[in-house]
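Trainee: Input final.cif, format and content: mmCIF, C-alpha atoms.
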```
data_protein
#
loop_
_atom_site.label_atom_id
_atom_site.label_comp_id
_atom_site.auth_asym_id
_atom_site.auth_seq_id
_atom_site.Cartn_x
_atom_site.Cartn_y
_atom_site.Cartn_z
CA MET A 1 -46.13 1.99 -92.72
CA LYS A 2 -48.31 3.26 -95.58
CA ALA A 3 -49.67 -0.25 -96.09
CA TYR A 4 -50.77 -0.49 -92.44
CA GLU A 5 -52.43 2.96 -92.64
CA ALA A 6 -54.24 1.95 -95.81
CA ALA A 7 -55.46 -1.22 -94.09
CA LEU A 8 -56.76 0.86 -91.17
CA GLN A 9 -58.77 3.02 -93.58
CA LYS A 10 -60.26 0.01 -95.38
CA GLY A 11 -60.68 -2.13 -92.26
CA ARG A 12 -58.89 -5.05 -93.86
CA PHE A 13 -55.67 -5.97 -95.65
CA GLU A 14 -56.16 -7.41 -99.13
CA ASP A 15 -53.00 -7.47 -101.20
CA GLU A 16 -54.62 -6.16 -104.42
CA GLU A 17 -56.39 -3.29 -102.65
CA ILE A 18 -53.30 -2.23 -100.71
CA ALA A 19 -51.16 -2.39 -103.85
CA ALA A 20 -53.63 -0.12 -105.65
CA ALA A 21 -53.84 2.28 -102.67
CA THR A 22 -50.08 2.59 -102.20
CA GLY A 23 -48.90 2.19 -105.79
CA ALA A 24 -46.62 -0.63 -104.75
CA ASP A 25 -45.82 -3.85 -106.55
CA LEU A 26 -48.05 -6.78 -105.57
CA GLY A 27 -45.05 -8.90 -104.62
CA ALA A 28 -43.73 -6.14 -102.37
CA VAL A 29 -47.13 -5.78 -100.71
CA GLU A 30 -47.17 -9.51 -99.97
CA GLU A 31 -43.78 -9.20 -98.22
CA VAL A 32 -45.04 -6.20 -96.23
CA ARG A 33 -48.11 -8.17 -95.14
CA LYS A 34 -45.95 -11.00 -93.86
CA SER A 35 -43.75 -8.54 -91.96
CA LEU A 36 -46.80 -6.88 -90.37
CA GLN A 37 -48.14 -10.27 -89.35
CA ASP A 38 -44.77 -11.13 -87.77
CA LEU A 39 -45.10 -7.90 -85.77
CA HIS A 40 -48.64 -8.91 -84.71
CA LEU A 41 -50.04 -5.81 -86.46
CA LEU A 42 -52.21 -7.92 -88.78
CA SER A 43 -54.30 -10.98 -88.02
CA GLN A 44 -53.23 -14.34 -89.39
CA PRO A 45 -55.18 -15.68 -92.40
CA ALA A 46 -58.13 -17.93 -91.58
CA PRO A 47 -60.79 -19.57 -93.81
CA GLY A 48 -63.68 -17.19 -94.43
CA ARG A 49 -62.11 -14.37 -92.40
CA PRO A 50 -60.27 -11.34 -93.81
CA VAL A 51 -56.86 -10.20 -92.60
CA VAL A 52 -57.51 -7.13 -90.40
CA PRO A 53 -55.32 -4.56 -88.60
CA LEU A 54 -54.60 -5.20 -84.90
CA ASP A 55 -53.94 -2.85 -81.98
CA PRO A 56 -50.22 -1.88 -81.85
CA GLU A 57 -50.28 -1.69 -78.03
CA VAL A 58 -51.50 -5.28 -77.84
CA ALA A 59 -48.90 -6.27 -80.42
CA GLU A 60 -46.20 -4.59 -78.33
CA ALA A 61 -47.22 -6.52 -75.23
CA GLU A 62 -47.35 -9.81 -77.11
CA LEU A 63 -43.84 -9.30 -78.52
CA VAL A 64 -42.12 -7.76 -75.51
CA THR A 65 -43.54 -9.88 -72.67
CA PRO A 66 -41.77 -13.15 -73.67
CA LEU A 67 -38.49 -11.23 -74.00
CA GLU A 68 -38.89 -9.66 -70.56
CA VAL A 69 -39.62 -13.06 -69.09
CA GLU A 70 -36.48 -14.47 -70.74
CA ILE A 71 -34.37 -11.52 -69.53
CA GLY A 72 -35.64 -12.09 -65.99
CA ARG A 73 -34.76 -15.76 -66.23
CA ARG A 74 -31.26 -14.95 -67.52
CA ARG A 75 -30.71 -12.42 -64.70
CA ARG A 76 -31.68 -15.00 -62.11
CA GLU A 77 -29.30 -17.46 -63.76
CA ILE A 78 -26.48 -14.88 -63.68
CA GLY A 79 -27.20 -14.22 -60.00
CA ARG A 80 -27.07 -17.93 -59.24
CA ILE A 81 -23.73 -18.30 -61.05
CA HIS A 82 -22.26 -15.35 -59.15
CA GLU A 83 -23.48 -16.72 -55.83
CA GLU A 84 -22.20 -20.25 -56.42
CA LEU A 85 -18.80 -19.27 -57.77
CA ARG A 86 -18.07 -16.55 -55.25
CA THR A 87 -18.52 -19.03 -52.43
CA LEU A 88 -15.60 -20.98 -53.93
CA ALA A 89 -13.37 -17.95 -54.60
CA ALA A 90 -11.93 -17.87 -51.07
CA ASP A 91 -10.95 -21.54 -51.30
CA TYR A 92 -9.31 -20.98 -54.69
CA ARG A 93 -7.33 -18.00 -53.42
CA ALA A 94 -6.19 -19.91 -50.34
CA ARG A 95 -4.78 -22.89 -52.20
CA PRO A 96 -0.94 -23.06 -52.21
CA SER A 97 -0.59 -22.69 -55.97
CA GLY A 98 -3.41 -20.19 -56.35
CA GLY A 99 -3.32 -16.57 -57.45
CA PRO A 100 -2.63 -13.58 -55.22
CA ALA A 101 -4.42 -13.55 -51.89
CA ALA A 102 -6.24 -10.42 -50.86
CA ASP A 103 -3.83 -9.71 -47.99
CA VAL A 104 -0.63 -10.22 -50.03
CA PRO A 105 0.49 -6.90 -51.60
CA ILE A 106 2.84 -8.44 -54.18
CA THR A 107 2.56 -11.92 -55.65
CA VAL A 108 4.91 -13.30 -58.31
CA LEU A 109 3.30 -15.79 -60.69
CA ASP A 110 5.51 -17.99 -62.87
CA ASP A 111 2.70 -19.67 -64.80
CA VAL A 112 1.66 -17.61 -67.83
CA GLU A 113 -1.85 -19.08 -67.79
CA GLU A 114 -2.20 -18.08 -64.14
CA VAL A 115 -1.18 -14.53 -65.07
CA ARG A 116 -3.78 -14.44 -67.83
CA ARG A 117 -6.49 -15.60 -65.45
CA GLU A 118 -5.56 -12.86 -62.97
CA ILE A 119 -5.59 -10.24 -65.72
CA ASP A 120 -9.02 -11.48 -66.84
CA ARG A 121 -10.26 -11.28 -63.26
CA ALA A 122 -8.98 -7.71 -62.90
CA ARG A 123 -10.53 -6.73 -66.22
CA TYR A 124 -13.92 -8.16 -65.33
CA GLY A 125 -13.88 -6.16 -62.09
CA CYS A 126 -12.60 -2.95 -63.72
CA THR A 127 -15.12 -0.09 -63.54
CA GLU A 128 -13.14 3.10 -64.12
CA GLU A 129 -9.89 2.90 -66.09
CA ARG A 130 -7.26 0.67 -67.63
CA MET A 131 -3.79 2.12 -68.20
CA SER A 132 -1.14 0.17 -70.09
CA LEU A 133 2.38 0.56 -71.42
CA GLN A 134 3.18 -1.61 -74.43
CA SER A 135 6.89 -1.52 -75.19
CA GLY A 136 8.64 -3.13 -78.12
CA GLY A 137 7.08 -1.50 -81.19
CA GLY A 138 4.23 -3.14 -83.11
CA ARG A 139 2.52 -6.12 -81.50
CA PRO A 140 1.74 -9.48 -83.17
CA PRO A 141 -1.68 -9.59 -84.90
CA GLU A 142 -2.92 -12.50 -82.75
CA LEU A 143 -2.27 -10.55 -79.54
CA LEU A 144 -3.90 -7.45 -80.96
CA GLU A 145 -6.99 -9.43 -81.93
CA ALA A 146 -7.40 -10.76 -78.39
CA ASP A 147 -6.78 -7.34 -76.87
CA ARG A 148 -9.24 -5.74 -79.31
CA GLU A 149 -12.10 -7.80 -77.88
CA HIS A 150 -11.06 -7.02 -74.31
CA THR A 151 -10.67 -3.29 -75.05
CA LEU A 152 -14.03 -2.96 -76.81
CA GLU A 153 -15.71 -4.82 -73.95
CA LEU A 154 -14.23 -2.34 -71.44
CA LEU A 155 -15.29 0.62 -73.55
CA ARG A 156 -18.85 -0.69 -73.81
CA ARG A 157 -18.95 -0.69 -70.01
CA GLY A 158 -17.84 2.94 -69.86
CA VAL A 159 -14.27 2.20 -68.74
CA ARG A 160 -11.62 4.71 -69.81
CA VAL A 161 -8.84 2.98 -71.76
CA ARG A 162 -5.43 4.61 -72.25
CA THR A 163 -2.48 2.91 -73.94
CA LEU A 164 1.09 4.03 -74.58
CA TYR A 165 3.14 2.52 -77.41
CA GLN A 166 6.56 3.36 -78.73
CA HIS A 167 6.83 5.57 -81.83
CA THR A 168 8.01 2.59 -83.86
CA ALA A 169 4.59 0.94 -83.43
CA ARG A 170 3.28 3.47 -85.96
CA THR A 171 5.00 1.54 -88.75
CA SER A 172 3.10 -1.67 -87.94
CA LEU A 173 0.02 -2.11 -90.15
CA ALA A 174 -1.61 -4.50 -87.66
CA THR A 175 -1.10 -2.05 -84.81
CA ARG A 176 -2.38 0.88 -86.86
CA THR A 177 -5.53 -1.07 -87.79
CA TYR A 178 -6.09 -1.99 -84.15
CA VAL A 179 -5.58 1.59 -82.96
CA GLN A 180 -7.93 2.96 -85.60
CA GLU A 181 -10.72 0.64 -84.48
CA VAL A 182 -10.41 1.11 -80.72
CA THR A 183 -9.95 4.89 -80.88
CA ARG A 184 -13.14 5.16 -82.91
CA GLN A 185 -14.89 3.56 -79.95
CA GLY A 186 -13.34 5.98 -77.44
CA ALA A 187 -9.96 4.53 -76.47
CA GLU A 188 -6.99 6.88 -76.16
CA VAL A 189 -3.60 5.91 -77.60
CA ARG A 190 -0.31 7.81 -77.58
CA THR A 191 3.29 7.02 -78.45
CA VAL A 192 6.69 7.98 -77.06
CA ASP A 193 10.19 7.24 -78.26
CA GLU A 194 11.21 4.87 -75.47
CA LEU A 195 9.42 2.69 -72.90
CA SER A 196 11.23 0.61 -70.34
CA GLU A 197 8.80 -2.29 -69.90
CA ARG A 198 5.19 -3.42 -70.13
CA LEU A 199 2.72 -2.38 -67.45
CA ILE A 200 -1.04 -2.78 -66.96
CA ILE A 201 -3.02 -1.02 -64.21
CA TYR A 202 -6.73 -1.54 -63.51
CA ASP A 203 -8.64 1.13 -61.57
CA ARG A 204 -5.39 2.30 -59.93
CA ARG A 205 -5.97 -0.71 -57.69
CA ILE A 206 -4.04 -3.60 -59.18
CA ALA A 207 -0.97 -3.60 -61.43
CA PHE A 208 0.80 -6.25 -63.52
CA ILE A 209 4.53 -6.11 -64.28
CA PRO A 210 6.17 -8.89 -66.33
CA LYS A 211 9.11 -10.85 -65.00
CA GLU A 212 12.39 -10.69 -66.85
CA ARG A 213 12.29 -12.98 -69.85
CA THR A 214 14.61 -15.99 -69.72
CA GLY A 215 14.68 -18.16 -72.81
CA SER A 216 11.91 -18.32 -75.39
CA ARG A 217 8.97 -18.91 -73.04
CA PRO A 218 6.69 -15.99 -72.17
CA PRO A 219 7.54 -14.64 -68.71
CA GLY A 220 5.33 -14.67 -65.64
CA ALA A 221 4.39 -11.47 -63.84
CA ALA A 222 4.23 -9.72 -60.51
CA VAL A 223 0.69 -8.86 -59.37
CA ILE A 224 0.75 -5.75 -57.18
CA THR A 225 -2.10 -4.57 -54.97
CA GLU A 226 -0.14 -2.49 -52.43
CA PRO A 227 -1.74 1.00 -52.76
CA THR A 228 1.49 2.98 -52.44
CA VAL A 229 3.27 0.99 -55.14
CA VAL A 230 0.26 0.96 -57.47
CA GLY A 231 -0.14 4.72 -56.94
CA TYR A 232 3.53 5.27 -57.81
CA LEU A 233 3.16 3.21 -61.01
CA ALA A 234 0.03 5.14 -61.97
CA ARG A 235 1.82 8.47 -61.47
CA SER A 236 4.74 7.19 -63.55
CA PHE A 237 2.29 6.31 -66.32
CA GLU A 238 0.76 9.80 -66.14
CA SER A 239 4.16 11.49 -66.48
CA VAL A 240 4.93 9.54 -69.65
CA TRP A 241 1.38 10.02 -70.96
CA GLN A 242 1.77 13.80 -70.75
CA ILE A 243 4.71 13.81 -73.18
CA GLY A 244 3.23 11.22 -75.54
CA ARG A 245 1.96 12.12 -79.01
CA PRO A 246 -1.58 11.06 -80.02
CA PHE A 247 -1.61 8.01 -82.29
CA GLU A 248 -3.98 9.37 -84.94
CA VAL A 249 -4.34 6.91 -87.78
CA GLY A 250 -5.30 8.19 -91.21
CA ARG A 251 -4.80 11.88 -90.48
CA GLN A 252 -2.20 13.97 -92.27
CA THR A 253 -0.79 16.03 -89.45
CA ALA A 254 2.50 17.74 -88.68
CA GLU A 255 3.26 15.19 -85.97
CA HIS A 256 4.74 12.52 -88.24
CA PRO A 257 7.97 14.43 -89.05
CA GLN A 258 8.23 15.29 -85.35
CA VAL A 259 7.88 11.62 -84.40
CA ALA A 260 10.60 10.68 -86.91
CA GLU A 261 12.83 13.40 -85.51
CA GLU A 262 12.28 12.18 -81.95
CA VAL A 263 13.30 8.66 -82.99
CA ARG A 264 16.41 10.06 -84.68
CA HIS A 265 17.40 12.02 -81.56
CA SER A 266 16.86 8.92 -79.42
CA ILE A 267 19.17 6.88 -81.65
CA ILE A 268 21.84 9.58 -81.47
CA ARG A 269 21.49 9.77 -77.67
CA LEU A 270 21.83 6.00 -77.31
CA MET A 271 24.76 5.95 -79.73
CA ALA A 272 26.45 8.56 -77.55
CA LEU A 273 26.13 6.14 -74.62
CA GLY A 274 28.13 3.60 -76.62
CA LEU A 275 25.28 1.09 -76.87
CA LYS A 276 25.38 -1.61 -79.53
CA ASP A 277 22.97 -1.66 -82.46
CA GLU A 278 21.02 -4.58 -80.98
CA VAL A 279 20.56 -2.81 -77.66
CA ILE A 280 19.46 0.45 -79.32
CA ALA A 281 16.97 -1.46 -81.46
CA ARG A 282 15.55 -3.24 -78.42
CA ARG A 283 15.27 0.00 -76.43
CA LEU A 284 13.37 1.69 -79.27
CA GLY A 285 11.21 -1.30 -80.20
CA MET A 286 12.47 -1.74 -83.75
CA ALA A 287 14.16 -4.45 -85.76
CA THR A 288 17.96 -4.44 -85.61
CA ARG A 289 18.14 -4.18 -89.40
CA THR A 290 15.90 -1.10 -89.34
CA CYS A 291 17.97 0.41 -86.54
CA ARG A 292 21.17 -0.08 -88.55
CA ARG A 293 19.64 1.70 -91.54
CA HIS A 294 18.85 4.68 -89.29
CA ILE A 295 22.37 4.62 -87.87
CA SER A 296 23.90 4.49 -91.35
CA ALA A 297 21.81 7.47 -92.44
CA ILE A 298 22.83 9.42 -89.33
CA MET A 299 26.53 8.63 -89.87
CA GLU A 300 26.30 9.66 -93.52
CA GLU A 301 24.64 12.91 -92.49
CA MET A 302 27.45 13.54 -89.99
CA GLY A 303 30.13 12.60 -92.50
CA ALA A 304 31.39 9.83 -90.22
CA VAL A 305 32.95 6.68 -91.65
CA SER A 306 32.86 4.64 -88.41
CA ARG A 307 30.89 4.31 -85.19
CA PHE A 308 33.95 5.56 -83.32
CA GLN A 309 34.14 8.73 -85.42
CA ALA A 310 30.37 9.22 -85.08
CA GLY A 311 30.76 8.92 -81.31
CA LEU A 312 33.46 11.60 -81.32
CA ILE A 313 31.27 13.93 -83.40
CA ILE A 314 28.28 13.35 -81.14
CA GLY A 315 30.39 13.91 -78.05
CA ARG A 316 31.84 17.13 -79.50
CA GLU A 317 28.37 18.41 -80.44
CA ASN A 318 27.02 17.58 -76.99
CA GLY A 319 29.97 19.38 -75.46
CA ASP A 320 29.33 22.44 -77.61
CA VAL A 321 25.70 22.46 -76.56
CA GLY A 322 26.69 22.22 -72.90
CA ARG A 323 28.90 25.31 -73.07
#
```
Here is a file; write its structure as structure tokens.

Mentor:
Amino acid sequence: MKAYEAALQKGRFEDEEIAAATGADLGAVEEVRKSLQDLHLLSQPAPGRPVVPLDPEVAEAELVTPLEVEIGRRRREIGRIHEELRTLAADYRARPSGGPAADVPITVLDDVEEVRREIDRARYGCTEERMSLQSGGGRPPELLEADREHTLELLRRGVRVRTLYQHTARTSLATRTYVQEVTRQGAEVRTVDELSERLIIYDRRIAFIPKERTGSRPPGAAVITEPTVVGYLARSFESVWQIGRPFEVGRQTAEHPQVAEEVRHSIIRLMALGLKDEVIARRLGMATRTCRRHISAIMEEMGAVSRFQAGLIIGRENGDVGR
């Protein structure tokens, strides 16, 4: 603000004088003058009257007062919207095809759009924490983009956000990019080798569990508000969270070989159970082709020429360990 200080000393703002006093280019001084006038720190040009410095406190009031008036108007508008819509909420909840009623501890919704509306409603009311399990490896970019906006909105409101993925999600570029962005804003993300199913819990008060998928359509979900069941699901999340490894994108740490080794041990364990390649891949959230490459490498390492021989070797090794 050297130009403003120079104008205070001279009692007026003339471009040539200010340029000489500050050593600035005349064109730059002209831009500064316009900016100071926009801030109400200089008077507007008028015939026969010089441009003079104005009181910053007056300028502050002139700039801030219209904004405060607008904020007040917007707050009243928000209050009106809340009041009008909340009066209709009870009717909406009571309708036969509506979402879960307050006195129903478990509601099963078949309509995917209905599930999304209930999740949005729970997210808007969330004040403390969102916990989620995301099974199946990396998620599609379009889903991550939608969840990114929701996650950042929760974080801006001071909500703690914790998410568990499977180790195989670390190989997904879209998932890594998403995790890098949300963790920079305060989210916490970990991975484990195996997750049974998706789960979302808001404020340890309401939980969402997907229905079993049948066909190609996205499944509905069960909405659970019964405190004992929600508490059990939250404790289950905590137990898995404790063994999860932090999903730290862009850091060279010793955890990556450990993660790969955990995936390898999981494949061997599931092979020992006699599960097919497709089932192992689904359990670990990876593509079947990728799973088969891992299995081939494991069999080669064991010196096995067939799945049957690999099973015998695994069983013998497990038996030796048990002795």

Trainee: Please determine, counting only C-alpha atoms, which residue among A:Val279, A:Ile78, A:Leu8, A:Leu109 has the shortest atom-to-atom distance to Ala21 (chain A).

Mentor: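 So, comparing all the options, the nearest one is A:Leu8.
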
Trainee: Given the choices A:Ala260, A:Ala297, A:Ile81, A:Val108, which gets closest to Pro210 (chain A) if the distance is worked out from all atoms listed in the file?

Mentor: A:Val108

Trainee: Go ahead and compute the interatomic distance for CA of Leu144 (chain A) and CA of Gln180 (chain A), in Å to one decimal.

Mentor: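 Separation of CA of Leu144 (chain A) and CA of Gln180 (chain A): 12.1 Å.
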
Trainee: Counting only C-alpha atoms, figure out which residue out of A:Leu143, A:Val161, A:Val52, A:Ile209 gets nearest to Val189 (chain A).

Mentor: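 Using only C-alpha atoms, the shortest distance to Val189 (chain A) belongs to A:Val161.
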
Trainee: List every protein, DNA or RNA residue that has an atom no more than 6 Å from (24.1, 9.0, -84.2) in the file's coordinate frame, counting all atoms listed in the file, and report them as a PDB file with C-alpha atoms, keeping the file's coordinate frame.

Mentor:
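The file below, selection.pdb, is the result:
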```
ATOM      1  CA  ILE A 267      19.170   6.880 -81.650  1.00  0.00           C
ATOM      2  CA  ILE A 268      21.840   9.580 -81.470  1.00  0.00           C
ATOM      3  CA  MET A 271      24.760   5.950 -79.730  1.00  0.00           C
ATOM      4  CA  ILE A 295      22.370   4.620 -87.870  1.00  0.00           C
ATOM      5  CA  ILE A 298      22.830   9.420 -89.330  1.00  0.00           C
TER       6      ILE A 298
END
```

Trainee: Hey, can you check how far CA of Leu164 (chain A) sits from CA of Gly274 (chain A)?

Mentor: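 Computing it gives 27.1 Å between the two atoms.
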
Trainee: Going by the chain IDs and residue numbers used in this file, which residues fall under the PyMOL selection byres ((chain A and resi 221-229) around 12)? Write them as a VMD selection string.

Mentor: chain A and resid 99 to 119 121 to 122 197 to 213 218 to 220 230 to 236

Trainee: Can I get the selection written as a CSV table (one decimal), in the coordinates of the input, with C-alpha atoms?

Mentor:
```
chain,number,residue,atom,x,y,z
A,99,GLY,CA,-3.3,-16.6,-57.4
A,100,PRO,CA,-2.6,-13.6,-55.2
A,101,ALA,CA,-4.4,-13.6,-51.9
A,102,ALA,CA,-6.2,-10.4,-50.9
A,103,ASP,CA,-3.8,-9.7,-48.0
A,104,VAL,CA,-0.6,-10.2,-50.0
A,105,PRO,CA,0.5,-6.9,-51.6
A,106,ILE,CA,2.8,-8.4,-54.2
A,107,THR,CA,2.6,-11.9,-55.6
A,108,VAL,CA,4.9,-13.3,-58.3
A,109,LEU,CA,3.3,-15.8,-60.7
A,110,ASP,CA,5.5,-18.0,-62.9
A,111,ASP,CA,2.7,-19.7,-64.8
A,112,VAL,CA,1.7,-17.6,-67.8
A,113,GLU,CA,-1.8,-19.1,-67.8
A,114,GLU,CA,-2.2,-18.1,-64.1
A,115,VAL,CA,-1.2,-14.5,-65.1
A,116,ARG,CA,-3.8,-14.4,-67.8
A,117,ARG,CA,-6.5,-15.6,-65.4
A,118,GLU,CA,-5.6,-12.9,-63.0
A,119,ILE,CA,-5.6,-10.2,-65.7
A,121,ARG,CA,-10.3,-11.3,-63.3
A,122,ALA,CA,-9.0,-7.7,-62.9
A,197,GLU,CA,8.8,-2.3,-69.9
A,198,ARG,CA,5.2,-3.4,-70.1
A,199,LEU,CA,2.7,-2.4,-67.4
A,200,ILE,CA,-1.0,-2.8,-67.0
A,201,ILE,CA,-3.0,-1.0,-64.2
A,202,TYR,CA,-6.7,-1.5,-63.5
A,203,ASP,CA,-8.6,1.1,-61.6
A,204,ARG,CA,-5.4,2.3,-59.9
A,205,ARG,CA,-6.0,-0.7,-57.7
A,206,ILE,CA,-4.0,-3.6,-59.2
A,207,ALA,CA,-1.0,-3.6,-61.4
A,208,PHE,CA,0.8,-6.2,-63.5
A,209,ILE,CA,4.5,-6.1,-64.3
A,210,PRO,CA,6.2,-8.9,-66.3
A,211,LYS,CA,9.1,-10.8,-65.0
A,212,GLU,CA,12.4,-10.7,-66.8
A,213,ARG,CA,12.3,-13.0,-69.8
A,218,PRO,CA,6.7,-16.0,-72.2
A,219,PRO,CA,7.5,-14.6,-68.7
A,220,GLY,CA,5.3,-14.7,-65.6
A,230,VAL,CA,0.3,1.0,-57.5
A,231,GLY,CA,-0.1,4.7,-56.9
A,232,TYR,CA,3.5,5.3,-57.8
A,233,LEU,CA,3.2,3.2,-61.0
A,234,ALA,CA,0.0,5.1,-62.0
A,235,ARG,CA,1.8,8.5,-61.5
A,236,SER,CA,4.7,7.2,-63.6
```

Trainee: In Å, with one decimal, what is the gap from CA of Glu153 (chain A) to CA of Tyr124 (chain A)?

Mentor: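 Answer for the CA of Glu153 (chain A) to CA of Tyr124 (chain A) separation: 9.4 Å.
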
Trainee: With only C-alpha atoms as the atoms that count, which of A:Val249, A:Ile243, A:Thr168, A:Arg283 lies nearest to Glu181 (chain A)?

Mentor: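 When distances to Glu181 (chain A) are compared using only C-alpha atoms, the smallest one comes from A:Val249.
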